[in-house]
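K.L.:
Sharing a structure below in structure tokens format, with a few things to ask.
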Amino acid sequence: MSITDFILIIPFTLGLACLLIILSVEYYGWFRLLSMKSKLKLKKSISVRWFLSSVKEIFRECLLHLRIYRQNKRLWYMHMSLAFGWFLLIVAGNIESALATGKPVGPPWESVFFDYFTRQHPAPGWQDTFFKHLLDLLLLFVLSGLFFAVYKRFNSRLLGMKKRPRHKLSDRLAMTFLWFIFPARLVAEALNHTFYGGGGFMTGFLGNIISLPYNLRFLSDAAWIVYSISLGGFFIVLPYSRYMHILTEVPHILLMKAHIYAQQDKGCTQFQIYACSSCGICLNSCQMTERNGNRGQNYYFIRKLRDEEGADESTIMNCLMCGRCMEACPVKIDTLALRMNERLRINDQLGFILPASGQPVQKKSPVRIVYFGGCMSKLTPAVTSSMKKIFNHYGEDFIMADETESICCGRPMFLSGQKQAYMQIMKRTRDMILSWQPKLIITSCPICLDMFKTNYFLPVPIIHHTQYLNSFILRKSHAPIPAGPKTIYHDPCELGRFLGIYREPRNVLKNITRLQNPAYNDNKALCCGGSLADIEMDPSEKKNLAVEAIKQLVFRDTQQLATACPVCKINFAAADIIPVKDIAEIYADSLSSSGSVLERITDKENVMMY
Amino acid sequence: MVDQDRSSPAYDLLLEKVPSVAVCLSCGSCTGGCISAEMTGFGFRNLLVLLKSNRYQRLANALEYCQFCGKCAMVCPRGINTRKAILEMKKYFKG
């Protein structure tokens, strides 16, 4: 091995060794941080099926980036060509090297600098020509992706990105090394062919164009060394930059497939933080991006979590927690759990005394339906009075649980990170609801519904009022009204994205109004801005978000905005653009205009009697 | 007795973090919408009065009754971020 060979392989090998050592130490540390429950879960999950489904997911998401494909084709091509193209380059290079040397496994530099080491004596027969053309094709594929990546720095909108993320210094350094790798390889291979002949359709062609005297052949060596330095530099900076995701996505997927979640698990949290690719797609989906500058969005939140000083309080608390970023995330980072972990860390020890906690809950006479309007319904009494009217209309045995006593489900407290206080509220509310020994619990607040379903462990079915109303539509107890007002339905975050209730409210509205289809619905639905999760934003900023959301939702001829959440109703009504009604109100109004089938039959019987 | 001449260091600190508390009119909308006020008699405006008049011990007790539902912020005609103010006060008195 000559001195030039030695100088060539040192930067690459050193970088690779550093990367492997740092990764091993980091991953071992994070694995140890996994909770005992998670470790047991992982141990139980290890199976051929788990392994195969993880490999499939790794291939689909780490290499092909199919989730980005569903969102934006150009952005997908950029990510996919860089990841999949580089992967194929490595694989094809290794196969070429293994076939030429006859050894399936060799030193890593042998395949990386294969053209350099074999320039004096190329492989015989078809192999050399085939692999040169194949590798040129793959290099062209990667370079096309790189072209888009560079272009994105100047005009991100072309690739469907509203706003370009602002990367920190180590990210930029790693990105510079990465951007150098492929052009350096192109130049190195082209010069190789200038002085030593051969080459594929691209590097060979470029090599032929570059006409240099033979005594300048050291330029070829220099280009190979630049390639090696770019690779080595990238490997050394990688663990301290966002490119850590390239390798960390693999353990993240393995944990995800073992159903291990980041919620209150330090180890899984670390894996997720570093599996985040900082691609900025979450910035695109975040409604605060346009209005709020670079403050609480998950891109900046996770970036701060990676830093030693961690995320500051303002960043932690400045998030609507609407879940739009989680839906859009191509890596499936549980952004909400990461944020909740931080909120619990800073606020869980604050004191709390439940008002009137000294009075025990009295046992009451049994009722079939307990209706829980939620504390927000105190500000929207039209919803509760409409529900009362509906219950009376259908002759239900019901009780308005929080009509006399004001109680909260505890979710606002939980979202602020005060879990211990939340537990007290939960216990009181749960006891109060169950004191009526109900057969069915109905709530018109999706925030309460989410809490009841996920945390309360109630032994009774819990449904949203839209599901209850839909049951009458399905049973044909309510005659359809074909000429109702033109209505747009807004999916509340908790009801739609968190609980998956999309169909029922639409079905109710379809029968009692002329329902229009907005651009943002189902899991892409916009947040009203009034989310109780954001503690940093002033009410005026929340109102601005509501205005923006309404502008994007309604059409010129829309007559009313329907929602199924009291918070959305309050916030949209504050924007004062279009009349806002809850589905219960629209349904109750339709009862007085149409009358139920049952009511009409009874009326007919009365007429016949007389 | 309320001493208006005496400055309140905790209030000054709160003003830095939540400047909007300065525009409170004490209109009582917050108290009207508060679910804890019905049982404890404390609303956000009471908390601010206690803070301004240095009655910190009483304030620290009153703060513990807040259920953090945020209706006070929703009804506030002056757009005060009451939840942040309450959280900051709770942290101040805990520390």
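Going by the structure tokens order, chains are called A, B, ..., each with residues numbered from 1, while ligands are numbered from 1 in the order shown.
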Could you tell me which residues of chain B sit within 8 Å of chain A when counting only C-alpha atoms, and give me the result as a VMD selection string?

P.N.:
chain B and resid 33 35 to 36 38 to 40 63 to 71 73 to 74 79 to 81 83 to 84 90 to 91 94

K.L.:
If you run DSSP over the backbone, which residues in chain B end up alpha helix (DSSP H)? Put them as a ChimeraX atom specification.

P.N.:
/B:9-17,29-33,37-40,44-52,56-63,71-75,82-94

K.L.:
Pick out the residues sitting within 6 Å of range 512-529 of chain A, and hand them over as a ChimeraX atom specification; count only C-alpha atoms, and ignore anything fewer than 4 positions along from it in its own chain.

P.N.:
/A:480-481,484-488,491,497,542,545-546,553,568

K.L.:
Near Arg339 in chain A, counting only C-alpha atoms, which residues have an atom at most 10 Å away, once you skip same-chain residues fewer than 3 positions from it, shown as a ChimeraX atom specification?

P.N.:
/A:263,298,301-302,305,311,315-319,321,334-336,342-345,415,417

K.L.:
To one decimal place in Å, what is the distance between CA of Ala188 in chain A and CA of Leu75 in chain A?

P.N.:
28.7 Å

K.L.:
So which one's closest to Lys52 in chain B, B:Cys76, B:Leu87, B:Leu13, B:Cys30? Using only C-alpha atoms, please.

P.N.:
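Using only C-alpha atoms, Lys52 in chain B sits closest to B:Leu13.
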
K.L.:
Please report the interatomic distance between CA of Leu159 in chain A and CA of Met256 in chain A in Å with one decimal.

P.N.:
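Between CA of Leu159 in chain A and CA of Met256 in chain A the gap is 29.0 Å.
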
K.L.:
Write out as a list in words each polymer residue whose atoms come within 9 Å of Gly32 in chain B, counting only C-alpha atoms; drop sequence neighbours fewer than 6 positions from it.

P.N.:
Glu38, Gly43, Cys72 and Val75 of chain B

K.L.:
Between B:Val23, B:Ala85, B:Leu15, B:Ala37, which is the closest to Ala62 in chain B once you count only C-alpha atoms?

P.N.:
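Smallest separation from Ala62 in chain B among the options: B:Ala37.
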
K.L.:
Between CA of Trp50 in chain A and CA of Val91 in chain A, what is the distance in Å, rounded to a tenth?

P.N.:
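These atoms are spaced 24.5 Å apart.
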
K.L.:
As an MDAnalysis selection string, please: every residue in range 457-592 of chain A that a backbone DSSP assignment puts in strand (DSSP E or B).

P.N.:
chainID A and resid 462:464 486:489 514:516 560:563 580:582

K.L.:
How would the residues just chosen look if you wrote them out with C-alpha atoms as a compact mmCIF listing (two decimals), in the first residue's frame?

P.N.:
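To be explicit, this is the file written out as result11.txt:
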```txt
# COMPACT_ATOMS: atom_id res chain seq x y z
CA ILE A 462 -69.28 6.42 26.42
CA ILE A 463 -70.36 8.13 23.22
CA HIS A 464 -70.25 11.56 21.69
CA LYS A 486 -75.47 25.02 3.15
CA THR A 487 -73.14 23.85 5.87
CA ILE A 488 -69.46 23.14 6.30
CA TYR A 489 -68.49 20.71 9.03
CA ARG A 514 -76.89 20.60 2.61
CA LEU A 515 -73.38 19.51 3.60
CA GLN A 516 -70.43 20.87 1.65
CA GLN A 560 -73.19 28.15 8.48
CA LEU A 561 -70.25 26.42 10.07
CA ALA A 562 -71.10 23.31 12.04
CA THR A 563 -68.88 21.84 14.69
CA VAL A 580 -71.32 28.85 14.02
CA LYS A 581 -73.56 26.13 15.41
CA ASP A 582 -73.07 22.86 17.18
```

K.L.:
Applying 7 Å and only C-alpha atoms, which residues near Pro366 in chain A remain after dropping the ones on its own chain fewer than 2 positions away? List them as a list in words.

P.N.:
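Listing them by chain and then by number gives Lys364, Arg368, Trp436, Gln437 and Pro438 of chain A.
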